[in-house]
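Here's the structure we're looking at; comments come further down.
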Amino acid sequence: GLWHEADAARIIGVPGDLARPCLGFDEATAASLVGRLGGILHNGAQLSYVAPYGQLKAANVGGTLAVLELASQAAIPLQFISSTSVYEAAAYRRQTITETEALPAWQGIHLGYSQTKWVSEQLVLAAAAQGLPVTVYRPPLVGGHSLTGTWHNGDFLHRLVRGCLALGLAPDLAMELDLVPVDYVAAAVGALAWRPEP
């Protein structure tokens, strides 16, 4: 329900593949993009709560590397959507961590998806240390739209909530979930992206 015909004049789709070198672009397409891009907002990833790191690495880590190469070649800023999951390492539990602190620890990050986000963020921060203009966003778990409830039907949390509603029951787990509506995340990134100030 997001598409508006008026957007057709503003948006040019360029099919690619995060898991392939150079995002699956041929040399001519990549060169054309380098000359036309003003910035990259990278939010692409393969999301799974059960797949191991090795299964997600090509799309998540490889895709981030390809985006970094494209941004470096074009000398353009990168807006990177990371995740609060980079803080799941045992060393950071119940700790106050500031934005200026490095996150060298990974031990205790159990989900393959979270591991790929940590590795990808390390690559992005290394590129920033080399001079690439980078902004990192770390939303928590992203849920459905705050007004319409629209949510990806295959999402694990969507299925869990739907199942709980259907059963009238919920699991009794010692677990907290930070869930934020997708429209809030999109609006926040849209308001903050491309600004020079932190």
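Chain labels run A, B, ... following the order of the structure tokens; each chain numbers its residues from 1, and ligands are numbered from 1 in the order shown.
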For Val86 of chain A, work out the shell of residues within 8 Å, counting only C-alpha atoms and skipping chain neighbours fewer than 4 positions away, then give it as a ChimeraX atom specification.
/A:82,103,106,109,114-115,117-118
Write the selection just made, keeping all heavy atoms, as a PDB file, in the first residue's frame?
ATOM      1  N   SER A  82      22.022  -0.273  10.750  1.00  0.00           N
ATOM      2  CA  SER A  82      22.577  -1.394  11.504  1.00  0.00           C
ATOM      3  C   SER A  82      21.464  -1.932  12.400  1.00  0.00           C
ATOM      4  O   SER A  82      20.318  -2.014  11.982  1.00  0.00           O
ATOM      5  CB  SER A  82      23.789  -0.935  12.304  1.00  0.00           C
ATOM      6  OG  SER A  82      24.393  -2.027  12.963  1.00  0.00           O
ATOM      7  N   LEU A 103      33.058  -1.061  19.528  1.00  0.00           N
ATOM      8  CA  LEU A 103      32.352  -2.280  19.921  1.00  0.00           C
ATOM      9  C   LEU A 103      33.153  -3.500  19.462  1.00  0.00           C
ATOM     10  O   LEU A 103      32.734  -4.240  18.582  1.00  0.00           O
ATOM     11  CB  LEU A 103      30.953  -2.309  19.294  1.00  0.00           C
ATOM     12  CG  LEU A 103      30.015  -1.167  19.647  1.00  0.00           C
ATOM     13  CD1 LEU A 103      28.752  -1.240  18.817  1.00  0.00           C
ATOM     14  CD2 LEU A 103      29.686  -1.191  21.125  1.00  0.00           C
ATOM     15  N   TRP A 106      32.394  -9.474  20.262  1.00  0.00           N
ATOM     16  CA  TRP A 106      31.314 -10.154  19.558  1.00  0.00           C
ATOM     17  C   TRP A 106      30.874 -11.411  20.302  1.00  0.00           C
ATOM     18  O   TRP A 106      29.798 -11.943  20.059  1.00  0.00           O
ATOM     19  CB  TRP A 106      31.739 -10.524  18.136  1.00  0.00           C
ATOM     20  CG  TRP A 106      32.945 -11.422  18.116  1.00  0.00           C
ATOM     21  CD1 TRP A 106      34.252 -11.026  18.023  1.00  0.00           C
ATOM     22  CD2 TRP A 106      32.958 -12.843  18.250  1.00  0.00           C
ATOM     23  NE1 TRP A 106      35.080 -12.120  18.085  1.00  0.00           N
ATOM     24  CE2 TRP A 106      34.305 -13.259  18.221  1.00  0.00           C
ATOM     25  CE3 TRP A 106      31.970 -13.813  18.392  1.00  0.00           C
ATOM     26  CZ2 TRP A 106      34.687 -14.590  18.340  1.00  0.00           C
ATOM     27  CZ3 TRP A 106      32.343 -15.147  18.502  1.00  0.00           C
ATOM     28  CH2 TRP A 106      33.706 -15.518  18.472  1.00  0.00           C
ATOM     29  N   ILE A 109      27.150 -12.947  20.978  1.00  0.00           N
ATOM     30  CA  ILE A 109      26.136 -12.654  19.959  1.00  0.00           C
ATOM     31  C   ILE A 109      25.816 -14.009  19.327  1.00  0.00           C
ATOM     32  O   ILE A 109      26.645 -14.581  18.629  1.00  0.00           O
ATOM     33  CB  ILE A 109      26.644 -11.650  18.903  1.00  0.00           C
ATOM     34  CG1 ILE A 109      27.033 -10.329  19.560  1.00  0.00           C
ATOM     35  CG2 ILE A 109      25.575 -11.432  17.838  1.00  0.00           C
ATOM     36  CD1 ILE A 109      27.600  -9.294  18.594  1.00  0.00           C
ATOM     37  N   SER A 114      22.429 -11.373  13.783  1.00  0.00           N
ATOM     38  CA  SER A 114      23.072 -10.365  14.635  1.00  0.00           C
ATOM     39  C   SER A 114      24.577 -10.346  14.427  1.00  0.00           C
ATOM     40  O   SER A 114      25.211  -9.283  14.423  1.00  0.00           O
ATOM     41  CB  SER A 114      22.747 -10.629  16.112  1.00  0.00           C
ATOM     42  OG  SER A 114      21.354 -10.572  16.335  1.00  0.00           O
ATOM     43  N   GLN A 115      25.170 -11.514  14.241  1.00  0.00           N
ATOM     44  CA  GLN A 115      26.610 -11.589  13.976  1.00  0.00           C
ATOM     45  C   GLN A 115      26.952 -10.871  12.671  1.00  0.00           C
ATOM     46  O   GLN A 115      27.940 -10.135  12.605  1.00  0.00           O
ATOM     47  CB  GLN A 115      27.051 -13.056  13.911  1.00  0.00           C
ATOM     48  CG  GLN A 115      26.948 -13.769  15.242  1.00  0.00           C
ATOM     49  CD  GLN A 115      27.090 -15.276  15.123  1.00  0.00           C
ATOM     50  OE1 GLN A 115      27.133 -15.834  14.028  1.00  0.00           O
ATOM     51  NE2 GLN A 115      27.144 -15.953  16.261  1.00  0.00           N
ATOM     52  N   LYS A 117      25.314  -8.417  11.325  1.00  0.00           N
ATOM     53  CA  LYS A 117      25.141  -6.973  11.519  1.00  0.00           C
ATOM     54  C   LYS A 117      26.360  -6.402  12.247  1.00  0.00           C
ATOM     55  O   LYS A 117      26.823  -5.305  11.939  1.00  0.00           O
ATOM     56  CB  LYS A 117      23.849  -6.664  12.286  1.00  0.00           C
ATOM     57  CG  LYS A 117      22.581  -6.983  11.514  1.00  0.00           C
ATOM     58  CD  LYS A 117      22.535  -6.336  10.146  1.00  0.00           C
ATOM     59  CE  LYS A 117      22.010  -4.933  10.181  1.00  0.00           C
ATOM     60  NZ  LYS A 117      21.807  -4.349   8.835  1.00  0.00           N
ATOM     61  N   TRP A 118      26.901  -7.144  13.223  1.00  0.00           N
ATOM     62  CA  TRP A 118      28.088  -6.681  13.942  1.00  0.00           C
ATOM     63  C   TRP A 118      29.270  -6.586  12.981  1.00  0.00           C
ATOM     64  O   TRP A 118      29.977  -5.571  12.953  1.00  0.00           O
ATOM     65  CB  TRP A 118      28.420  -7.622  15.109  1.00  0.00           C
ATOM     66  CG  TRP A 118      29.611  -7.176  15.889  1.00  0.00           C
ATOM     67  CD1 TRP A 118      29.629  -6.279  16.922  1.00  0.00           C
ATOM     68  CD2 TRP A 118      30.973  -7.573  15.677  1.00  0.00           C
ATOM     69  NE1 TRP A 118      30.929  -6.108  17.367  1.00  0.00           N
ATOM     70  CE2 TRP A 118      31.763  -6.883  16.622  1.00  0.00           C
ATOM     71  CE3 TRP A 118      31.590  -8.441  14.784  1.00  0.00           C
ATOM     72  CZ2 TRP A 118      33.143  -7.050  16.687  1.00  0.00           C
ATOM     73  CZ3 TRP A 118      32.964  -8.597  14.856  1.00  0.00           C
ATOM     74  CH2 TRP A 118      33.729  -7.898  15.811  1.00  0.00           C
TER      75      TRP A 118
END
I'd like the contact shell of segment 180-194 of chain A - 7 Å cut-off, only C-alpha atoms, skipping same-chain residues fewer than 4 positions apart - returned as a ChimeraX atom specification.
/A:79,140-146
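Nearest residue to Gln73 of chain A, choosing from A:Ile11, A:Leu132, A:Ala105, A:Leu2 and counting only C-alpha atoms: A:Leu132.
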What's around segment 67-72 of chain A at 7 Å? Count only C-alpha atoms, leave out sequence neighbours fewer than 3 positions away in its own chain, and write the answer as number ranges by chain.
A: 34, 40, 63-64, 75-78, 132
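Residues of segment 20-196 of chain A carrying a DSSP assignment of strand (DSSP E or B), computed from the backbone, are Ile40, Leu41, His42, Leu78, Gln79, Phe80, Ile81, Val134, Thr135, Val136, Tyr137, Leu141, Val142, Gly143, Leu179, Val180 and Pro181 of chain A.
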Could you dump the residues just selected with N, CA and C atoms as a compact mmCIF listing (two decimals), in the first residue's frame?
# COMPACT_ATOMS: atom_id res chain seq x y z
N ILE A 40 24.23 6.87 -0.59
CA ILE A 40 23.64 5.53 -0.50
C ILE A 40 23.03 5.37 0.88
N LEU A 41 21.80 4.89 0.93
CA LEU A 41 21.16 4.48 2.18
C LEU A 41 21.05 2.96 2.09
N HIS A 42 21.84 2.27 2.91
CA HIS A 42 21.93 0.81 2.83
C HIS A 42 21.13 0.18 3.97
N LEU A 78 27.52 7.44 3.01
CA LEU A 78 26.76 6.22 3.23
C LEU A 78 25.94 6.37 4.50
N GLN A 79 24.65 6.09 4.39
CA GLN A 79 23.75 6.00 5.54
C GLN A 79 23.52 4.51 5.74
N PHE A 80 23.94 3.96 6.88
CA PHE A 80 23.89 2.51 7.11
C PHE A 80 22.91 2.17 8.21
N ILE A 81 21.96 1.31 7.87
CA ILE A 81 21.00 0.83 8.87
C ILE A 81 21.60 -0.41 9.51
N VAL A 134 30.05 8.60 6.86
CA VAL A 134 29.15 7.51 7.25
C VAL A 134 28.25 7.96 8.39
N THR A 135 26.99 7.56 8.34
CA THR A 135 26.07 7.70 9.46
C THR A 135 25.49 6.31 9.73
N VAL A 136 25.48 5.90 11.00
CA VAL A 136 24.98 4.59 11.38
C VAL A 136 23.72 4.76 12.21
N TYR A 137 22.68 4.03 11.84
CA TYR A 137 21.42 4.01 12.60
C TYR A 137 21.28 2.62 13.20
N LEU A 141 14.15 -3.98 17.09
CA LEU A 141 13.30 -4.78 16.21
C LEU A 141 12.23 -3.89 15.59
N VAL A 142 12.05 -4.00 14.28
CA VAL A 142 11.10 -3.16 13.57
C VAL A 142 9.82 -3.95 13.35
N GLY A 143 8.71 -3.36 13.82
CA GLY A 143 7.42 -4.03 13.72
C GLY A 143 6.53 -3.37 12.69
N LEU A 179 10.45 -3.12 20.40
CA LEU A 179 9.81 -3.14 19.10
C LEU A 179 9.40 -1.73 18.73
N VAL A 180 9.73 -1.29 17.53
CA VAL A 180 9.42 0.06 17.09
C VAL A 180 8.67 -0.03 15.76
N PRO A 181 7.63 0.80 15.56
CA PRO A 181 6.87 0.74 14.31
C PRO A 181 7.71 1.15 13.10
Min atom-atom distance to Gly39 of chain A from the set A:Ala66, A:Ala89, A:Ala74, A:Ala174, counting only C-alpha atoms, belongs to A:Ala74
In segment 12-176 of chain A, DSSP alpha helix (DSSP H) residues written as a ChimeraX atom specification
/A:27-36,53-57,63-74,112-129,156-167
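Using only C-alpha atoms, the shortest contact distance between Ala19 of chain A and any of A:Asn43, A:Gln130, A:Ser48, A:Asn60 is found at A:Asn60.
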Neighbouring residues of Gly16 of chain A were defined as those with any atom within 8 Å, considering only C-alpha atoms; residues of the same chain fewer than 4 positions away were excluded. Please report them as JSON, numbers by chain.
{"A": [23, 24, 25]}
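The residue that comes closest to Gly112 of chain A, out of A:Glu99, A:Glu197, A:Glu88, A:Asp17 and on the basis of only C-alpha atoms, is A:Glu88.
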Interatomic distance, atom CA of Ala45 of chain A to atom CA of Ser83 of chain A (Å, one decimal):
11.2 Å
Residue contacts of Leu111 of chain A (9 Å, only C-alpha atoms) excluding same-chain residues fewer than 6 positions away, as a PyMOL selection string
chain A and resi 48-53
